[in-house]
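Trainee: Here it is, the structure, as structure tokens.
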Amino acid sequence: MENQTNKDIPEIKGKHGASVMYIVIMVMSFAILTGVFLFLPRTKYSELEKRDLADFPDVSDLEKIKKNPGKFTADVSTWFSDTEPFRDEFMTMSMKIRGAMKGDFRSDEETVSFRPADTANTSSVTDNNSSEKGNQDSENVKDNSVEDSQTDIDDENDDDIEDGKAKLGSSGTIIIGKGDNVRALMAFGGTSKGGGGYVDLLNTLAEDFPGKNVYAMVAPLATEYYLPAKAAKASNPQKPFIYSIRDRLSPKVKFVDIYDELLKHKKEDIYLRTDHHWAALGGYYAAKRLAETAGVPFRSLDAYDRHVVKNFVGSMYGYSKDISVKNAPEDFVYYVPNQVDFDSEFVTYSLNKNFKIIRESKPYKSTYFKKFKDGTGNAYLTFIGTDQAYVKVKTSTPGKRKLLIIKDSYGNAVPSNLFYSFNEVHVVDFRYFTHNLKEYVAKNGITDIAVCFNVFNAYSSGSASKVKKMLTQKDGIPVVSESEKSSSSKKNQTSGTEIKNTEPTVDESAVRSETTTQEIEKTEKQEEASQPEKSEE
Amino acid sequence: MVFSDLFFIFCFIPLFGLLYILFGGIDKLRIKHADNRSRRLKRPMLYRNIILTIFSILFYAWGEPIYVFLMLAVVLVNYFCGILLYKKHNAIGKAWLIIGVVADLAALGSFKYLGFFSGIARSIGFDLPDPQIALPIGISFYIFQSISYLVDVYREDSKPQRNYFDLLLYISMFPQLIAGPIVRYGTVAEEIGKRKATADDVADGVYRFIIGLGKKVIIANIMGEIATALLGGNLENMSAAAAWIGILAFSIQIYFDFSGYSDMAIGIGRCVGFHFPENFNHPYTCTSMTDFWRRWHMSLGSFFRDYVYIPMGGNRRHQALNIMTVWFLTGMWHGASWNFIIWGVYFGLIIMVEKYTLLRWNVPKIGLYVYSIFLILVGWGIFYYDDFGKMTLFFKAFFGQNEPQGLPMHVETVIIDNLWLWVAAIILCLPVRKHVEKYGHKMSVHIPYAGNYTVQFCHAIISITILICSVALLVGATNNAFIYTRF
């Protein structure tokens with residue numbers, strides 16, 4: 001490209017015409033692209049990144065612009081390059097380009113195996129795909145392994161997971177496996193010292209609710225069970241953290257050992273490969289352990305209908321920005337109890353941009369399980385449909401035991417497995433609740449209280465302090481300042497009605513509540529600065 | 001605003017292009033209807049220049065709405081000094097030259113180096129406040145252009161510009177305003193008044209621009225990600241592999257970043273009829289450090305050669321002093337930080353030693369390549385870290401002082417994940433394209449018509465591919481600034 005000016009060229013035949021042709025072609029392509037970027041409607045929300053895109057900067061306040069014109073121009077640029085038409089399509093394309101740069105000469109045989117069916121059912125080693133195709137929607141499944149909980153697994157040192165491919169994706173993700181078996185994991189950056197807020201919360205709950213059963217439930221990330229030894233450095237172990245919580249809890253709190261329960265079943269599909277959540281099955285086993293701890297009945301999967309959302313690609317695609325995740329869709333399987341009646345009453349919240357509650361709906365009946373089409377990226381919202389709500393489920397299970405689960409998005413997969421166990425199940429999200437917890441518990445005759453968090457939220461004291469506030473807060477929506485009200489976006493204002501129509505909205509806040517390794521480190525620093533709000537945004 | 005910003009590509013450029021063409025038409029009408037003695041004939045580019053100047057100011061003000069006035073003031077001072085010192089072969093002329101140059105350097109000094117020097121003063125005990133001045137984008141480039149203008153006029157290599165706006169156009173011209181190449185006034189003086197962009201010029205310019213865009217977006221940005229991932233974070237016990245691959249990624253990044261910018265600048269210039277000097281000539285194929293600096297950021301090198309090294313006496317007297325001064329200043333120019341100064345002095349020392357050793361010996365070429373690449377990598381190591389603690393840790397790892405760790409996973413990931421990019425980038429550091437273009441040129445000479453059309457057709461396919469890939473990669477890109485706009 002350098003030194004290419006050819007000054008002493010004789011007249012070359014056709015040069016002019018050829019140049020003109022080139023210019024015409026380029027101007028046309030450029031005009032098309034410019035047309036796309038300037039005149040097509042701009043994208044407001046990125047499905048892929050699960051976030052609202054930048055707004056055009058406010059032009060009403062001229063004084064503000066005059067004060068800092070540089071910020072205004074920068075905001076315009078940001079807006080322009082954040083809200084391109086076809087943003088998700090362009091980003092998918094860019095991931096494909098990045099994917100094409102990959103060079104991998106290692107053999108295809110070298111994959112990490114996760115599939116329990118292959119190893120557990122030693123009698124018939126079946127192809128993953130064909131075995132799954134056999135499973136129809138709403139089919140009653142007999143899952144042997146549920147009963148077979150004695151499987152001998154001594155530790156999480158995965159000798160059965162081959163030390164195969166592993167690499168780092170963007171924003172604290174680790175991609176392992178190959179082809180259809182690709183699995184995206186989140187890195188955990190915490191140590192056994194964290195989680196003081198969670199411990200304190202549980203101990204406080206046990207003090208404040210004498211005579212009630214209080215359960216601590218901490219859900220590990222898939223990383224704990226599937227990270228190959230080779231990539232061990234990429235994430236901290238979660239076991240020491242989870243058990244250090246157990247050891248610090250007061251004897252009045254009952255520790256539900258989800259860690260151990262999942263370990264027994266790690267060869268089953270207890271985690272989604274392409275989503276940051278666990279699978280419904282993971283939630284099922286967590287519920288099982290809770291039922292055992294609580295001494296309430298619990299039914300095997302025989303008493304459930306199995307439903308499948310096919311071609312599911314979850315949030316980890318957007319997080320890892322790795323095309324291989326998109327190319328490995330999985331089945332999103334969930335279980336609906338079929339021998340118990342249950343009636344769900346919802347109260348949903350509308351939020352403003354800063355995730356503050358601005359309105360709350362009247363209680364209304366709706367379906368607990370939302371139905372999603374095959375290929376829906378947020379099928380995890382099957383349970384309840386949103387985090388911005390609390391739900392009261394009355395079941396036909398006799399008895400006086402009434403459970404309140406305070407949960408993050410991991411917890412969403414748990415309650416529906418307890419309809420055989422409790423007479424009522426109340427599900428409250430730790431971020432959004434407008435009642436005084438003590439009054440709520442008393443009014444509803446709650447007998448059991450569980451706090452089910454994943455390790456991230458159990459780690460961050462901000463999450464725990466939100467729940468602690470519920471103990472003292474007054475009923476009703478906290479006052480939102482005028483400025484916050486005015487900044488509430490159109491989208492969020494409509495979200496309330498969408499939920500009423502049982503149209504699932506996007507699980508933004510669930511995604512945001514999760515933190516990557518770096519963010520955990522950040523939260524640790526911020527903890528002392530008492531910024532509990534930070535952890536969710 | 002930067003060239004690889006979607007806002008620039010799809011808002012600024014189309015608008016500028018349309019208006020420039022429109023006012024080009026008006027210019028032509030003016031000339032057509034002018035009588036022979038009309039003053040209009042003297043200014044055939046008037047409206048186009050106005051458009052170019054307005055857009056340049058907008059371009060700058062978009063990123064620096066306040067400091068744009070600093071630039072206007074600097075131009076004003078140089079404008080008067082230039083006129084006042086011209087053809088005055090006495091102390092007065094010299095005085096105006098000195099006033100102008102000192103004013104330029106004062107602007108540069110106070111906005112770029114004041115914080116640095118006050119920091120030094122504080123560290124040796126003076127109680128000075130930290131001025132907290134943000135660096136105005138591109139000041140290092142336009143101040144040097146201003147100085148070259150004054151000196152060239154003083155030496156009567158060029159006539160002074162009698163029109164403030166034309167001088168403003170020279171200094172502020174948006175293609176080269178914020179990251180060079182450093183265009184000497186003499187190079188473009190004539191073209192400001194009268195220039196022509198033929199279809200060939202425009203075709204070359206567009207192609208060049210797109211090549212530059214691809215260099216920046218496809219290669220430099222991704223290499224930058226890799227460099228940040230490997231060279232940042234906790235450097236305690238960094239692996240040797242991370243240090244080497246990381247600094248290699250940075251070397252590739254900085255070359256494609258900066259030469260990509262220069263390509264885009266030269267390309268836009270060509271489209272409107274300017275011929276800016278080349279800034280790079282495949283620097284990573286150099287055979288010595290002396291050679292490297294003849295190929296890297298050539299417009300800066302020649303600036304120091306013509307305005308510092310030769311006036312100081314060149315190789316005729318105290319050459320060592322001259323060399324060290326030039327390299328000290330080169331390092332200093334890159335930023336108000338010790339590591340840049342060390343980096344400059346590092347090259348100064350090597351170049352001096354080279355003169356009496358390597359360049360006189362008969363070393364096989366392959367040895368020269370290895371020698372050069374190694375020293376360049378070490379150089380970028382110094383350049384990369386403005387924190388001495390980190391720099392030390394980096395070099396500890398670089399020279400294998402840490403426990404051997406083989407190829408850690410994160411290093412393996414960045415290699416395998418971007419394998420084809422690495423291959424392409426390393427090949428493109430070699431003069432491959434030059435040879436391909438030469439072949440294409442031959443074809444266009446020997447095969448009338450068809451040859452040319454084939455070449456341009458290939459160009460079109462390459463351009464569209466690069467354009468689409470770049471746009472896709474730019475959507476969702478977060479960190480996209482050019483490295484050299486910092487200096």
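Each chain of the structure tokens is named A, B, ... in the order shown, its residues numbered from 1; ligands are numbered from 1 in display order.
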For a quick test of understanding: name the residues of chain A lying within 8 Å of chain B when counting only C-alpha atoms, and present them as a PyMOL selection string.

Mentor: chain A and resi 1-4+12-23+25-26+29+33-34+37-38+69-70+73-74+77+80-82+84+87+90-91+93-94+97-99+101-104+166-168+230-231

Trainee: Determine, counting only C-alpha atoms, which protein, DNA and RNA residues have an atom within 9 Å of an atom of Val347 in chain A; residues of the same chain fewer than 5 positions away are not included. Present the result as a list in words.

Mentor: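 So, after excluding close chain neighbours, the residues are Glu360, Ser361, Lys362, Pro363, Tyr364, Lys365, Gln388, Ala389, Tyr390, Val391 and Lys392 of chain A.
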
Trainee: Excluding Gly377 in chain A and residues on its chain fewer than 6 positions from it, collect all residues at most 9 Å away from it, counting only C-alpha atoms, and give them as a PDB file with N, CA and C atoms, in the first residue's frame.

Mentor:
```pdb
ATOM      1  N   GLU A  47     -31.811  -7.950  21.551  1.00  0.00           N
ATOM      2  CA  GLU A  47     -32.185  -9.280  22.035  1.00  0.00           C
ATOM      3  C   GLU A  47     -30.932 -10.041  22.439  1.00  0.00           C
ATOM      4  N   LEU A  48     -29.893  -9.828  21.641  1.00  0.00           N
ATOM      5  CA  LEU A  48     -28.660 -10.577  21.824  1.00  0.00           C
ATOM      6  C   LEU A  48     -27.961 -10.178  23.112  1.00  0.00           C
ATOM      7  N   ASP A 275     -27.186 -21.229  28.487  1.00  0.00           N
ATOM      8  CA  ASP A 275     -27.779 -20.166  29.300  1.00  0.00           C
ATOM      9  C   ASP A 275     -27.006 -20.066  30.596  1.00  0.00           C
ATOM     10  N   ASN A 311     -34.621 -26.129  20.250  1.00  0.00           N
ATOM     11  CA  ASN A 311     -33.760 -25.122  19.619  1.00  0.00           C
ATOM     12  C   ASN A 311     -33.543 -23.899  20.490  1.00  0.00           C
ATOM     13  N   PHE A 312     -33.322 -24.159  21.743  1.00  0.00           N
ATOM     14  CA  PHE A 312     -33.128 -23.058  22.681  1.00  0.00           C
ATOM     15  C   PHE A 312     -31.655 -22.635  22.696  1.00  0.00           C
ATOM     16  N   VAL A 313     -31.409 -21.335  22.518  1.00  0.00           N
ATOM     17  CA  VAL A 313     -30.056 -20.798  22.706  1.00  0.00           C
ATOM     18  C   VAL A 313     -30.187 -19.663  23.708  1.00  0.00           C
ATOM     19  N   GLY A 314     -29.573 -19.818  24.833  1.00  0.00           N
ATOM     20  CA  GLY A 314     -29.796 -18.887  25.935  1.00  0.00           C
ATOM     21  C   GLY A 314     -28.857 -17.705  25.951  1.00  0.00           C
ATOM     22  N   SER A 315     -28.803 -17.066  27.089  1.00  0.00           N
ATOM     23  CA  SER A 315     -28.110 -15.795  27.239  1.00  0.00           C
ATOM     24  C   SER A 315     -26.603 -15.874  27.020  1.00  0.00           C
TER      25      SER A 315
END
```

Trainee: Hey, can you check how far CA of Thr204 in chain A sits from CA of Lys288 in chain A?

Mentor: 25.1 Å

Trainee: Would you mind reading off the distance between CA of Gly400 in chain B and CA of Ser239 in chain B, one decimal, in Å?

Mentor: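 CA of Ser239 in chain B lies 7.9 Å from CA of Gly400 in chain B.
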
Trainee: With DSSP run on the backbone, what are the strand (DSSP E) residues within range 369-417 of chain A? I'd like them as an MDAnalysis selection string.

Mentor: chainID A and resid 389:395 402:407

Trainee: I'd like the neighbourhood of Ser396 in chain A as number ranges by chain, where a residue qualifies if any of its atoms comes within 10 Å (using only C-alpha atoms), though same-chain residues fewer than 6 positions away should be ignored.

Mentor: A: 339-343, 419-424

Trainee: Would you save the residues of that selection, restricted to N, CA, C and O atoms, as a PDB file, in the first residue's frame?

Mentor:
```pdb
ATOM      1  N   GLN A 339     -50.428 -34.106  39.004  1.00  0.00           N
ATOM      2  CA  GLN A 339     -51.363 -34.757  39.920  1.00  0.00           C
ATOM      3  C   GLN A 339     -51.688 -33.866  41.107  1.00  0.00           C
ATOM      4  O   GLN A 339     -52.004 -34.341  42.197  1.00  0.00           O
ATOM      5  N   VAL A 340     -51.556 -32.600  40.894  1.00  0.00           N
ATOM      6  CA  VAL A 340     -51.869 -31.658  41.964  1.00  0.00           C
ATOM      7  C   VAL A 340     -52.502 -30.433  41.311  1.00  0.00           C
ATOM      8  O   VAL A 340     -52.143 -30.046  40.204  1.00  0.00           O
ATOM      9  N   ASP A 341     -53.490 -29.863  41.985  1.00  0.00           N
ATOM     10  CA  ASP A 341     -54.066 -28.623  41.461  1.00  0.00           C
ATOM     11  C   ASP A 341     -53.285 -27.457  42.041  1.00  0.00           C
ATOM     12  O   ASP A 341     -52.936 -27.467  43.219  1.00  0.00           O
ATOM     13  N   PHE A 342     -53.064 -26.483  41.227  1.00  0.00           N
ATOM     14  CA  PHE A 342     -52.421 -25.275  41.775  1.00  0.00           C
ATOM     15  C   PHE A 342     -52.954 -24.044  41.059  1.00  0.00           C
ATOM     16  O   PHE A 342     -53.262 -24.057  39.889  1.00  0.00           O
ATOM     17  N   ASP A 343     -53.033 -23.020  41.841  1.00  0.00           N
ATOM     18  CA  ASP A 343     -53.707 -21.808  41.431  1.00  0.00           C
ATOM     19  C   ASP A 343     -52.768 -20.650  41.729  1.00  0.00           C
ATOM     20  O   ASP A 343     -52.376 -20.450  42.867  1.00  0.00           O
ATOM     21  N   PHE A 419     -44.989 -28.132  44.722  1.00  0.00           N
ATOM     22  CA  PHE A 419     -46.440 -28.055  44.819  1.00  0.00           C
ATOM     23  C   PHE A 419     -47.025 -29.309  45.485  1.00  0.00           C
ATOM     24  O   PHE A 419     -48.118 -29.280  46.019  1.00  0.00           O
ATOM     25  N   TYR A 420     -46.291 -30.414  45.425  1.00  0.00           N
ATOM     26  CA  TYR A 420     -46.728 -31.626  46.120  1.00  0.00           C
ATOM     27  C   TYR A 420     -46.362 -31.580  47.605  1.00  0.00           C
ATOM     28  O   TYR A 420     -46.739 -32.451  48.372  1.00  0.00           O
ATOM     29  N   SER A 421     -45.538 -30.596  47.950  1.00  0.00           N
ATOM     30  CA  SER A 421     -44.963 -30.603  49.293  1.00  0.00           C
ATOM     31  C   SER A 421     -45.616 -29.611  50.234  1.00  0.00           C
ATOM     32  O   SER A 421     -45.641 -29.827  51.439  1.00  0.00           O
ATOM     33  N   PHE A 422     -46.086 -28.493  49.682  1.00  0.00           N
ATOM     34  CA  PHE A 422     -46.624 -27.438  50.536  1.00  0.00           C
ATOM     35  C   PHE A 422     -48.045 -27.079  50.124  1.00  0.00           C
ATOM     36  O   PHE A 422     -48.420 -27.183  48.949  1.00  0.00           O
ATOM     37  N   ASN A 423     -48.767 -26.586  51.070  1.00  0.00           N
ATOM     38  CA  ASN A 423     -50.136 -26.167  50.829  1.00  0.00           C
ATOM     39  C   ASN A 423     -50.169 -24.835  50.065  1.00  0.00           C
ATOM     40  O   ASN A 423     -51.037 -24.574  49.248  1.00  0.00           O
ATOM     41  N   GLU A 424     -49.169 -24.007  50.361  1.00  0.00           N
ATOM     42  CA  GLU A 424     -49.033 -22.759  49.610  1.00  0.00           C
ATOM     43  C   GLU A 424     -47.560 -22.530  49.334  1.00  0.00           C
ATOM     44  O   GLU A 424     -46.711 -22.827  50.176  1.00  0.00           O
TER      45      GLU A 424
END
```

Trainee: Just the number, please: distance in Å from CA of Leu15 in chain B to CA of Ser140 in chain B, one decimal.

Mentor: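 Separation of CA of Leu15 in chain B and CA of Ser140 in chain B: 28.1 Å.
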